[in-house]
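**Student:** Sharing protein22.csv, CSV, C-alpha atoms:
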```csv
chain,number,residue,atom,x,y,z
K,1,MET,CA,-60.1,71.3,-8.9
K,2,PRO,CA,-59.8,71.9,-5.2
K,3,LYS,CA,-58.0,75.1,-4.2
K,4,ILE,CA,-54.7,74.5,-2.4
K,5,SER,CA,-53.9,77.7,-0.6
K,6,GLN,CA,-50.5,79.5,-0.6
K,7,LYS,CA,-50.1,78.5,3.0
K,8,ALA,CA,-50.1,74.8,2.0
K,9,ILE,CA,-47.4,75.5,-0.5
K,10,HIS,CA,-45.1,77.1,2.1
K,11,LYS,CA,-45.2,73.8,4.0
K,12,PHE,CA,-43.3,72.2,1.1
K,13,LEU,CA,-40.7,74.9,0.7
K,14,ARG,CA,-37.3,75.1,2.3
K,15,HIS,CA,-37.4,78.5,4.0
K,16,ASP,CA,-33.8,78.3,5.0
K,17,LYS,CA,-32.7,78.7,1.4
K,18,ASN,CA,-32.4,82.1,-0.1
K,19,PHE,CA,-35.8,83.3,-1.0
K,20,PRO,CA,-36.9,85.0,-3.3
K,21,HIS,CA,-35.6,82.3,-5.6
K,22,VAL,CA,-32.9,82.6,-8.3
K,23,TRP,CA,-35.2,82.7,-11.4
K,24,CYS,CA,-35.6,85.9,-13.3
K,25,PRO,CA,-38.7,88.1,-12.9
K,26,GLY,CA,-41.6,86.5,-14.9
K,27,CYS,CA,-39.9,83.1,-15.4
K,28,SER,CA,-42.5,80.3,-15.6
K,29,ASN,CA,-40.4,77.9,-13.5
K,30,GLY,CA,-42.0,79.2,-10.3
K,31,ILE,CA,-45.5,78.7,-11.8
K,32,VAL,CA,-44.6,75.1,-12.6
K,33,LEU,CA,-43.1,74.6,-9.1
K,34,GLY,CA,-46.4,75.8,-7.7
K,35,ALA,CA,-48.5,73.5,-9.9
K,36,THR,CA,-46.3,70.5,-8.9
K,37,ILE,CA,-46.6,71.2,-5.2
K,38,ARG,CA,-50.3,71.8,-5.5
K,39,ALA,CA,-50.6,68.4,-7.3
K,40,ILE,CA,-48.6,66.7,-4.5
K,41,ALA,CA,-50.6,68.4,-1.8
K,42,GLU,CA,-53.8,67.3,-3.5
K,43,LEU,CA,-52.8,63.7,-3.7
K,44,GLY,CA,-51.6,63.8,-0.1
K,45,TYR,CA,-48.2,62.3,-0.6
K,46,LYS,CA,-45.8,62.3,2.3
K,47,LYS,CA,-42.7,64.5,1.9
K,48,ASP,CA,-40.4,61.5,2.7
K,49,ASN,CA,-41.8,59.3,0.0
K,50,ILE,CA,-40.9,61.7,-2.9
K,51,VAL,CA,-37.6,62.0,-4.6
K,52,MET,CA,-37.1,65.0,-6.9
K,53,VAL,CA,-34.2,64.6,-9.3
K,54,SER,CA,-32.8,67.2,-11.7
K,55,GLY,CA,-29.9,67.8,-14.0
K,56,ILE,CA,-28.4,71.2,-14.8
K,57,GLY,CA,-30.3,74.3,-16.0
K,58,CYS,CA,-32.7,77.0,-14.9
K,59,SER,CA,-35.5,74.5,-14.3
K,60,SER,CA,-33.2,72.1,-12.5
K,61,ARG,CA,-32.7,74.6,-9.7
K,62,MET,CA,-36.1,73.5,-8.5
K,63,PRO,CA,-35.2,70.7,-6.1
K,64,VAL,CA,-33.1,73.2,-4.1
K,65,TYR,CA,-36.3,74.9,-2.9
K,66,VAL,CA,-38.5,72.0,-2.0
K,67,ASP,CA,-38.5,70.0,1.1
K,68,PHE,CA,-38.5,66.4,-0.4
K,69,ASN,CA,-35.6,64.0,-0.9
K,70,THR,CA,-33.7,65.9,-3.6
K,71,LEU,CA,-30.8,65.2,-5.9
K,72,HIS,CA,-29.2,67.8,-8.2
K,73,SER,CA,-27.2,65.7,-10.6
K,74,LEU,CA,-25.1,66.0,-13.8
K,75,HIS,CA,-26.2,67.8,-17.0
K,76,GLY,CA,-28.7,65.6,-18.9
K,77,ARG,CA,-28.3,62.6,-16.6
K,78,ALA,CA,-31.3,63.2,-14.3
K,79,ILE,CA,-33.2,60.2,-15.8
K,80,ALA,CA,-30.2,57.9,-15.3
K,81,TYR,CA,-30.0,58.9,-11.7
K,82,ALA,CA,-33.7,58.5,-11.2
K,83,THR,CA,-33.6,55.0,-12.7
K,84,GLY,CA,-31.0,54.0,-10.1
K,85,ILE,CA,-33.1,55.4,-7.3
K,86,LYS,CA,-36.3,53.7,-8.5
K,87,ILE,CA,-34.5,50.3,-8.7
K,88,VAL,CA,-33.1,50.6,-5.2
K,89,LYS,CA,-36.2,52.1,-3.6
K,90,PRO,CA,-39.3,51.1,-5.7
K,91,GLU,CA,-41.7,52.4,-3.1
K,92,MET,CA,-40.5,56.0,-3.7
K,93,LYS,CA,-42.3,58.4,-6.0
K,94,VAL,CA,-39.6,59.6,-8.4
K,95,ILE,CA,-40.1,63.0,-10.1
K,96,VAL,CA,-37.6,64.3,-12.7
K,97,ILE,CA,-37.5,68.0,-13.3
K,98,THR,CA,-35.7,68.8,-16.5
K,99,GLY,CA,-35.5,71.4,-19.2
K,100,ASP,CA,-35.6,71.2,-23.0
K,101,GLY,CA,-31.8,71.3,-23.5
K,102,ASP,CA,-31.2,69.0,-20.5
K,103,ALA,CA,-33.5,66.3,-21.6
K,104,THR,CA,-33.5,66.4,-25.4
K,105,ALA,CA,-30.0,67.5,-26.3
K,106,ILE,CA,-27.5,66.4,-23.7
K,107,GLY,CA,-29.6,63.8,-22.1
K,108,GLY,CA,-31.4,62.7,-25.3
K,109,ASN,CA,-30.3,59.1,-25.0
K,110,HIS,CA,-31.4,58.8,-21.4
K,111,PHE,CA,-34.7,60.3,-22.2
K,112,ILE,CA,-35.6,58.0,-25.1
K,113,HIS,CA,-34.4,54.9,-23.4
K,114,GLY,CA,-36.2,55.8,-20.2
K,115,ALA,CA,-39.4,56.0,-22.2
K,116,ARG,CA,-38.6,52.8,-24.1
K,117,ARG,CA,-38.0,50.8,-20.9
K,118,ASN,CA,-41.1,52.3,-19.3
K,119,ILE,CA,-39.5,53.0,-15.9
K,120,ASP,CA,-42.0,54.2,-13.4
K,121,MET,CA,-41.2,57.9,-13.0
K,122,THR,CA,-42.7,61.3,-13.8
K,123,VAL,CA,-40.7,63.6,-16.0
K,124,ILE,CA,-41.8,67.2,-15.9
K,125,LEU,CA,-40.1,68.9,-18.9
K,126,ILE,CA,-40.1,72.7,-18.8
K,127,ASN,CA,-39.6,73.8,-22.4
K,128,ASN,CA,-38.5,77.5,-22.6
K,129,ASN,CA,-36.9,77.2,-26.1
K,130,ILE,CA,-33.4,78.2,-25.0
K,131,TYR,CA,-30.5,77.4,-22.7
K,132,GLY,CA,-31.2,80.1,-20.2
K,133,MET,CA,-28.7,79.5,-17.4
K,134,THR,CA,-25.6,79.1,-19.6
K,135,GLY,CA,-26.2,82.4,-21.4
K,136,GLY,CA,-28.8,81.9,-24.0
K,137,GLN,CA,-27.5,79.3,-26.5
K,138,TYR,CA,-30.0,77.8,-29.0
K,139,SER,CA,-31.6,74.5,-27.9
K,140,PRO,CA,-33.3,71.7,-29.9
K,141,THR,CA,-36.6,73.4,-29.4
K,142,THR,CA,-35.7,77.0,-30.5
K,143,PRO,CA,-38.1,77.8,-33.3
K,144,TYR,CA,-36.9,78.3,-36.8
K,145,GLY,CA,-35.5,81.8,-37.5
K,146,ASP,CA,-35.3,82.9,-33.8
K,147,ARG,CA,-32.3,84.7,-32.5
K,148,THR,CA,-30.2,83.4,-29.6
K,149,THR,CA,-26.6,84.3,-28.5
K,150,THR,CA,-25.2,81.5,-30.7
K,151,THR,CA,-27.6,82.1,-33.6
K,152,PRO,CA,-27.4,85.9,-33.9
K,153,TYR,CA,-28.8,85.9,-37.5
K,154,GLY,CA,-31.6,83.4,-36.8
K,155,ASN,CA,-31.7,79.7,-36.1
K,156,ILE,CA,-31.7,77.4,-39.2
K,157,ASP,CA,-32.5,74.1,-37.5
K,158,PRO,CA,-36.0,72.6,-37.3
K,159,VAL,CA,-37.4,72.0,-33.9
K,160,PHE,CA,-37.8,68.8,-31.9
K,161,ASP,CA,-41.4,67.9,-31.1
K,162,ILE,CA,-40.8,66.5,-27.6
K,163,CYS,CA,-44.2,64.8,-27.2
K,164,ASN,CA,-43.8,63.0,-30.6
K,165,LEU,CA,-40.4,61.9,-29.6
K,166,ALA,CA,-41.6,60.4,-26.4
K,167,LEU,CA,-44.6,58.8,-28.2
K,168,GLY,CA,-42.2,57.2,-30.7
K,169,ALA,CA,-39.9,56.0,-27.9
K,170,GLY,CA,-42.9,54.3,-26.2
K,171,ALA,CA,-43.8,56.5,-23.2
K,172,THR,CA,-47.1,55.5,-21.7
K,173,PHE,CA,-48.3,58.9,-20.6
K,174,VAL,CA,-47.6,61.9,-22.7
K,175,ALA,CA,-49.2,65.3,-22.2
K,176,ARG,CA,-48.4,68.9,-23.1
K,177,THR,CA,-49.6,72.1,-21.6
K,178,THR,CA,-48.4,75.6,-20.9
K,179,ALA,CA,-47.5,77.6,-17.9
K,180,PHE,CA,-50.4,79.9,-18.6
K,181,HIS,CA,-52.9,77.0,-18.3
K,182,VAL,CA,-51.9,76.3,-14.7
K,183,ILE,CA,-55.1,74.5,-13.6
K,184,GLU,CA,-54.6,72.1,-16.6
K,185,ALA,CA,-50.9,71.7,-15.7
K,186,GLN,CA,-51.8,70.8,-12.2
K,187,SER,CA,-54.3,68.2,-13.3
K,188,PHE,CA,-51.9,66.7,-15.9
K,189,ILE,CA,-49.1,66.5,-13.3
K,190,LYS,CA,-51.5,64.8,-10.9
K,191,GLN,CA,-52.5,62.3,-13.5
K,192,ALA,CA,-48.9,61.7,-14.4
K,193,PHE,CA,-48.1,61.0,-10.7
K,194,GLU,CA,-50.9,58.5,-10.5
K,195,HIS,CA,-49.9,56.8,-13.7
K,196,LYS,CA,-47.8,53.6,-13.5
K,197,GLY,CA,-44.9,53.8,-16.0
K,198,PHE,CA,-42.9,56.5,-17.8
K,199,SER,CA,-45.0,59.7,-17.8
K,200,LEU,CA,-44.0,62.9,-19.5
K,201,VAL,CA,-45.6,66.3,-19.0
K,202,GLU,CA,-44.2,68.9,-21.3
K,203,ILE,CA,-44.9,72.4,-20.0
K,204,ILE,CA,-44.2,75.2,-22.5
K,205,SER,CA,-42.9,78.1,-20.5
K,206,ALA,CA,-41.8,81.7,-21.0
K,207,CYS,CA,-38.2,83.0,-20.7
K,208,PRO,CA,-38.9,86.7,-20.9
K,209,VAL,CA,-35.5,87.9,-19.9
K,210,ILE,CA,-33.2,86.0,-22.3
K,211,TYR,CA,-35.3,84.5,-25.1
K,212,GLY,CA,-38.1,87.1,-25.0
K,213,ARG,CA,-35.7,90.0,-25.0
K,214,LEU,CA,-33.6,88.7,-27.9
K,215,ASN,CA,-36.7,88.0,-30.0
K,216,LYS,CA,-38.7,91.0,-29.0
K,217,LYS,CA,-41.5,88.9,-27.6
K,218,GLY,CA,-42.5,91.5,-24.9
K,219,ASP,CA,-42.6,91.0,-21.2
K,220,ALA,CA,-43.7,88.0,-19.2
K,221,SER,CA,-47.5,88.7,-19.5
K,222,ALA,CA,-47.2,89.3,-23.3
K,223,MET,CA,-45.4,85.9,-23.7
K,224,MET,CA,-48.1,84.2,-21.6
K,225,LYS,CA,-50.8,85.8,-23.6
K,226,SER,CA,-49.2,84.5,-26.8
K,227,MET,CA,-49.2,81.0,-25.3
K,228,LYS,CA,-52.9,81.3,-24.8
K,229,GLU,CA,-53.4,82.1,-28.5
K,230,ASN,CA,-50.9,79.7,-30.0
K,231,VAL,CA,-51.2,76.5,-28.0
K,232,LEU,CA,-54.6,75.1,-28.6
K,233,PRO,CA,-56.5,72.0,-27.4
K,234,ILE,CA,-56.1,68.9,-29.6
K,235,LYS,CA,-59.6,69.1,-31.0
K,236,ALA,CA,-59.4,72.8,-31.8
K,237,PHE,CA,-56.1,72.3,-33.5
K,238,GLU,CA,-57.3,69.5,-35.7
K,239,LYS,CA,-60.1,71.7,-37.1
K,240,LEU,CA,-57.6,74.3,-38.4
K,241,SER,CA,-56.4,74.3,-42.0
K,242,ASP,CA,-52.8,73.6,-42.8
K,243,LYS,CA,-52.1,77.3,-43.3
K,244,GLN,CA,-53.5,78.2,-39.9
K,245,LYS,CA,-51.6,75.5,-38.2
K,246,LYS,CA,-48.3,77.3,-38.8
K,247,GLY,CA,-46.8,78.5,-35.6
K,248,LYS,CA,-49.4,76.8,-33.5
K,249,GLN,CA,-49.1,73.8,-31.2
K,250,LYS,CA,-51.6,71.4,-29.6
K,251,ARG,CA,-51.9,70.7,-25.9
K,252,GLY,CA,-53.7,67.9,-24.1
K,253,ILE,CA,-53.1,64.2,-23.2
K,254,PHE,CA,-51.7,62.4,-26.3
K,255,VAL,CA,-51.5,58.9,-24.8
K,256,ASN,CA,-52.5,57.3,-21.6
K,257,LYS,CA,-52.0,53.5,-21.8
K,258,ILE,CA,-50.7,50.6,-19.6
K,259,ARG,CA,-47.7,48.6,-20.7
K,260,PRO,CA,-45.5,46.2,-18.6
K,261,GLU,CA,-43.4,48.3,-16.3
K,262,PHE,CA,-39.6,47.8,-15.9
K,263,ILE,CA,-39.4,47.4,-12.1
K,264,GLU,CA,-42.3,44.9,-12.0
K,265,GLU,CA,-40.8,42.9,-14.8
K,266,TYR,CA,-37.4,42.9,-13.1
K,267,ASP,CA,-39.0,41.7,-9.8
K,268,LYS,CA,-40.8,39.0,-11.7
K,269,LEU,CA,-37.6,37.8,-13.3
K,270,ILE,CA,-35.8,37.7,-9.9
K,271,LYS,CA,-38.7,35.8,-8.4
K,272,SER,CA,-38.9,33.2,-11.2
K,273,LEU,CA,-35.2,32.5,-11.0
K,274,GLN,CA,-35.3,32.2,-7.2
K,275,ASP,CA,-38.2,29.7,-7.4
K,276,GLU,CA,-36.3,27.7,-10.0
K,277,LYS,CA,-33.3,27.5,-7.7
K,278,GLY,CA,-35.5,26.6,-4.7
K,279,ARG,CA,-37.0,23.6,-6.6
K,280,LYS,CA,-33.6,22.2,-7.4
B,1,MET,CA,-26.0,76.6,7.6
B,2,SER,CA,-24.5,80.0,8.2
B,3,ALA,CA,-26.4,82.5,10.2
B,4,ALA,CA,-26.5,84.9,7.2
B,5,ARG,CA,-28.6,82.6,5.1
B,6,LYS,CA,-31.4,82.1,7.7
B,7,PRO,CA,-34.6,84.0,7.1
B,8,LYS,CA,-35.3,87.1,9.0
B,9,LYS,CA,-37.3,86.1,12.1
B,10,VAL,CA,-40.2,88.2,13.3
B,11,GLU,CA,-40.1,88.4,17.1
B,12,LYS,CA,-43.7,89.1,17.8
B,13,HIS,CA,-46.8,88.1,16.0
B,14,LYS,CA,-47.8,91.6,15.2
B,15,GLU,CA,-50.6,92.5,12.9
B,16,GLY,CA,-49.6,91.8,9.3
B,17,THR,CA,-47.4,88.8,9.9
B,18,ILE,CA,-48.3,85.4,8.6
B,19,ILE,CA,-47.3,82.2,10.4
B,20,LEU,CA,-46.2,79.9,7.6
B,21,THR,CA,-46.7,76.6,9.3
B,22,ASP,CA,-48.7,76.0,12.5
B,23,ASP,CA,-45.8,74.4,14.4
B,24,SER,CA,-42.8,76.3,13.0
B,25,SER,CA,-41.2,79.3,14.5
B,26,ILE,CA,-40.5,80.9,11.2
B,27,LYS,CA,-42.7,83.8,10.3
B,28,MET,CA,-42.8,86.0,7.2
B,29,GLU,CA,-43.4,89.7,7.5
B,30,VAL,CA,-45.9,91.4,5.3
B,31,ALA,CA,-45.8,95.1,4.8
B,32,ILE,CA,-49.4,95.9,5.6
B,33,ASP,CA,-49.1,99.6,4.8
B,34,ASP,CA,-48.3,98.6,1.2
B,35,ILE,CA,-51.4,96.4,0.7
B,36,LYS,CA,-53.7,99.3,0.7
B,37,SER,CA,-52.8,102.9,1.4
B,38,GLU,CA,-55.8,103.5,3.6
B,39,GLY,CA,-58.2,101.2,5.3
B,40,ASP,CA,-58.3,98.0,7.2
B,41,TYR,CA,-55.7,95.3,6.8
B,42,LYS,CA,-58.2,92.6,7.8
B,43,LYS,CA,-60.6,93.7,5.1
B,44,SER,CA,-58.0,93.6,2.3
B,45,PRO,CA,-58.7,90.5,0.2
B,46,VAL,CA,-55.2,90.0,-1.1
B,47,TYR,CA,-51.9,89.5,0.7
B,48,ILE,CA,-48.7,90.6,-1.1
B,49,TYR,CA,-45.3,89.6,0.3
B,50,TYR,CA,-43.2,92.5,-1.0
B,51,ASP,CA,-40.0,90.8,0.2
B,52,TRP,CA,-40.4,88.0,-2.4
B,53,CYS,CA,-42.0,90.0,-5.2
B,54,LYS,CA,-40.0,90.6,-8.4
B,55,LYS,CA,-42.4,93.0,-10.0
B,56,CYS,CA,-43.0,90.9,-13.2
B,57,GLY,CA,-46.6,92.1,-13.5
B,58,ILE,CA,-48.2,88.7,-14.2
B,59,CYS,CA,-50.7,89.0,-11.4
B,60,VAL,CA,-51.9,92.4,-12.5
B,61,SER,CA,-52.3,91.5,-16.2
B,62,PHE,CA,-54.2,88.3,-15.5
B,63,CYS,CA,-56.5,89.5,-12.7
B,64,PRO,CA,-59.9,88.9,-14.3
B,65,THR,CA,-61.8,91.7,-12.5
B,66,GLY,CA,-59.1,94.3,-12.3
B,67,ALA,CA,-58.8,94.4,-8.5
B,68,LEU,CA,-55.0,94.7,-8.8
B,69,GLY,CA,-53.0,97.6,-10.1
B,70,ARG,CA,-49.4,98.5,-10.5
B,71,LYS,CA,-47.5,101.2,-8.6
B,72,PRO,CA,-45.1,103.4,-10.5
B,73,ASP,CA,-42.2,101.1,-9.6
B,74,GLY,CA,-44.1,98.1,-11.1
B,75,SER,CA,-45.0,96.3,-7.9
B,76,PRO,CA,-48.7,95.3,-7.4
B,77,TYR,CA,-51.2,96.8,-5.0
B,78,VAL,CA,-54.9,96.5,-4.4
B,79,PRO,CA,-56.7,99.7,-5.7
B,80,HIS,CA,-60.1,98.0,-5.8
B,81,PRO,CA,-60.4,95.5,-3.0
B,82,GLU,CA,-64.2,95.2,-3.5
B,83,LYS,CA,-63.7,93.7,-7.0
B,84,CYS,CA,-61.8,90.6,-5.7
B,85,ILE,CA,-63.7,87.4,-6.2
B,86,HIS,CA,-61.1,85.1,-4.6
B,87,CYS,CA,-60.5,83.2,-7.9
B,88,GLU,CA,-56.9,82.6,-6.8
B,89,MET,CA,-55.6,83.2,-10.3
B,90,CYS,CA,-52.9,85.5,-8.9
B,91,ASP,CA,-52.0,82.7,-6.4
B,92,ARG,CA,-51.5,80.2,-9.2
B,93,LEU,CA,-49.8,82.4,-11.7
B,94,CYS,CA,-47.3,84.1,-9.4
B,95,PRO,CA,-43.9,82.6,-10.0
B,96,ASP,CA,-42.6,83.8,-6.7
B,97,PHE,CA,-45.3,82.7,-4.2
B,98,ALA,CA,-45.6,86.4,-3.3
B,99,ILE,CA,-49.3,87.0,-3.5
B,100,THR,CA,-52.4,85.2,-2.2
B,101,GLY,CA,-56.0,86.0,-2.8
B,102,ALA,CA,-57.4,83.1,-0.9
B,103,LYS,CA,-60.5,83.5,1.2
B,104,ARG,CA,-59.7,83.6,4.9
```
As structure tokens, please, write out the structure in this file.
**Tutor:**
Amino acid sequence: MPKISQKAIHKFLRHDKNFPHVWCPGCSNGIVLGATIRAIAELGYKKDNIVMVSGIGCSSRMPVYVDFNTLHSLHGRAIAYATGIKIVKPEMKVIVITGDGDATAIGGNHFIHGARRNIDMTVILINNNIYGMTGGQYSPTTPYGDRTTTTPYGNIDPVFDICNLALGAGATFVARTTAFHVIEAQSFIKQAFEHKGFSLVEIISACPVIYGRLNKKGDASAMMKSMKENVLPIKAFEKLSDKQKKGKQKRGIFVNKIRPEFIEEYDKLIKSLQDEKGRK
Amino acid sequence: MSAARKPKKVEKHKEGTIILTDDSSIKMEVAIDDIKSEGDYKKSPVYIYYDWCKKCGICVSFCPTGALGRKPDGSPYVPHPEKCIHCEMCDRLCPDFAITGAKR
């Protein structure tokens, strides 16, 4: 992994926006932003050929700070907007930055149908287990028994496995990593950019100020250390017994396959119909 | 863009400022006195932009050699500059782009 210096990252930031950014101390969103920019710098994409789309949420503040073509859209509808952009400008590299509540609760339909139709875009899903920006309500990925402002006596709902959801819906690149494993995150994001089709990178992140404080998880470094212990590579996870698997998650690339892509199929359809008309 | 939201411009390229991009006029000031209490700024292996730092402590707890330490207020400094191996872990893990340990 080549080292991309901090100076290179500053070239992609909008310094006329208010820095330091809006996220709380220790929030992993900044780490994911750094990994994303490093992956883009490594691939050598031009700023003008990238569109970054987001919905609403902590993570969705990200497009404000980067110097690409950016769109800050409605809550949960980021993938719908990204589909429109991709159809009009297929040469653009579309990146969707979204959170767990944004993509799987409010925008759940857009998410599964985006994966099913295999639209060429990269979804970077930052999973912090809570709705941070709106005040700490429970999200579909809040673990069982955890406290949030809307579940003060513990959450009784089982969690969404986002990678399995995307796999079931038919996504062609699905990977999971954590904010602690930054080098892996950078490499997965890079592979997702290069992949043709719907690619999802789920990044488990820490929310030390709202989720961590309510559940007594410690500060940002303690939460990141627990990620290191509880999120294991696929092979190491499979070796564990059922009892040991409790509370642990696997990380790695779950699928990387090629399937007919939506924009290509659409272009083919247009071309075949135009040819038919021309013959008549 | 209102004038209040524009970043503070540094008039002269004095010691301790970093030019962000080669062509831009925007510069970011680094408090060189805070990097290391005594000694040479040029010899310090790590730059810390105190204006952007939120004192979360991630860089200090994940520094593999212990080159970084925390001040009483929580902000990082470099007590052992000779221990730095330029692994850039602080670079990558800093959520605020406020520290760089890259080789210069």
**Student:** Counting only C-alpha atoms, which residue out of B:His86, B:Cys63, B:Asp73, B:Asp96 sits closest to chain K?
**Tutor:**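 Among the listed residues, B:Asp96 lies closest to chain K.
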**Student:** To one decimal place, how far is atom CA of K:Glu261 from atom CA of K:Asp67 in Å?
**Tutor:**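 Separation between atom CA of K:Glu261 and atom CA of K:Asp67: 28.2 Å.
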**Student:** Between atom CA of B:Phe97 and atom CA of B:Trp52, what is the distance in Å, rounded to a tenth?
**Tutor:** 7.4 Å
**Student:** May I ask you to extract the residues of chain B within 6 Å of chain K, using all atoms listed in the file, and to give them as a count of residues only?
**Tutor:** 8
**Student:** With a distance cut-off of 8 Å and only C-alpha atoms, select the neighbouring residues of K:Lys196, excluding the residue or stretch itself and same-chain residues fewer than 2 positions from it, and output the selection as a PDB file with C-alpha atoms, keeping the file's coordinate frame.
**Tutor:**
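Writing the result to result.pdb gives the following:
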```
ATOM      1  CA  ASP K 120     -42.000  54.200 -13.400  1.00  0.00           C
ATOM      2  CA  MET K 121     -41.200  57.900 -13.000  1.00  0.00           C
ATOM      3  CA  PHE K 193     -48.100  61.000 -10.700  1.00  0.00           C
ATOM      4  CA  GLU K 194     -50.900  58.500 -10.500  1.00  0.00           C
ATOM      5  CA  PHE K 198     -42.900  56.500 -17.800  1.00  0.00           C
ATOM      6  CA  SER K 199     -45.000  59.700 -17.800  1.00  0.00           C
ATOM      7  CA  ILE K 258     -50.700  50.600 -19.600  1.00  0.00           C
ATOM      8  CA  GLU K 261     -43.400  48.300 -16.300  1.00  0.00           C
TER       9      GLU K 261
END
```
**Student:** Please indicate the distance in Å from atom CA of K:Cys58 to atom CA of K:Asp100, rounded to one decimal place.
**Tutor:**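 Straight-line distance from atom CA of K:Cys58 to atom CA of K:Asp100 works out to 10.4 Å.
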**Student:** May I have the residues within 9 Å of K:Ile40 as a ChimeraX atom specification, using all atoms listed in the file and disregarding those fewer than 6 positions away in the same chain?
**Tutor:** /K:46-47,189-190,193
**Student:** Which neighbours of stretch 104-118 of chain K fall inside 6 Å, counting all atoms listed in the file, when residues of the same chain fewer than 3 positions from it are skipped, and could you give them as a PyMOL selection string?
**Tutor:** chain K and resi 76-77+100-101+169-171+197-198+261-262
**Student:** Near B:Cys90, counting only C-alpha atoms, which residues have an atom at most 7 Å away, once you skip same-chain residues fewer than 6 positions from it, shown as a list in words?
**Tutor:**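 Counting only the stated atoms, we get Cys59, Cys63, Ile99, Thr100 and Gly101 of chain B.
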**Student:** Can you pull out the residues contacting stretch 65-67 of chain B? Cut-off 9 Å, using all atoms listed in the file, and skip same-chain residues under 5 positions away; I want them as a ChimeraX atom specification.
**Tutor:** /B:60,77-85
**Student:** Would you be able to write out as a list of chain:residue names which residues have an atom within 9 Å of (-49.3, 76.0, -21.0) in the file's coordinates, counting all atoms listed in the file?
**Tutor:**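 Result, sorted by chain then residue number: K:Arg176, K:Thr177, K:Thr178, K:Ala179, K:Phe180, K:His181, K:Val182, K:Glu184, K:Ala185, K:Glu202, K:Ile203, K:Ile204, K:Ser205, K:Met224, K:Met227, K:Lys228, K:Val231, K:Arg251.
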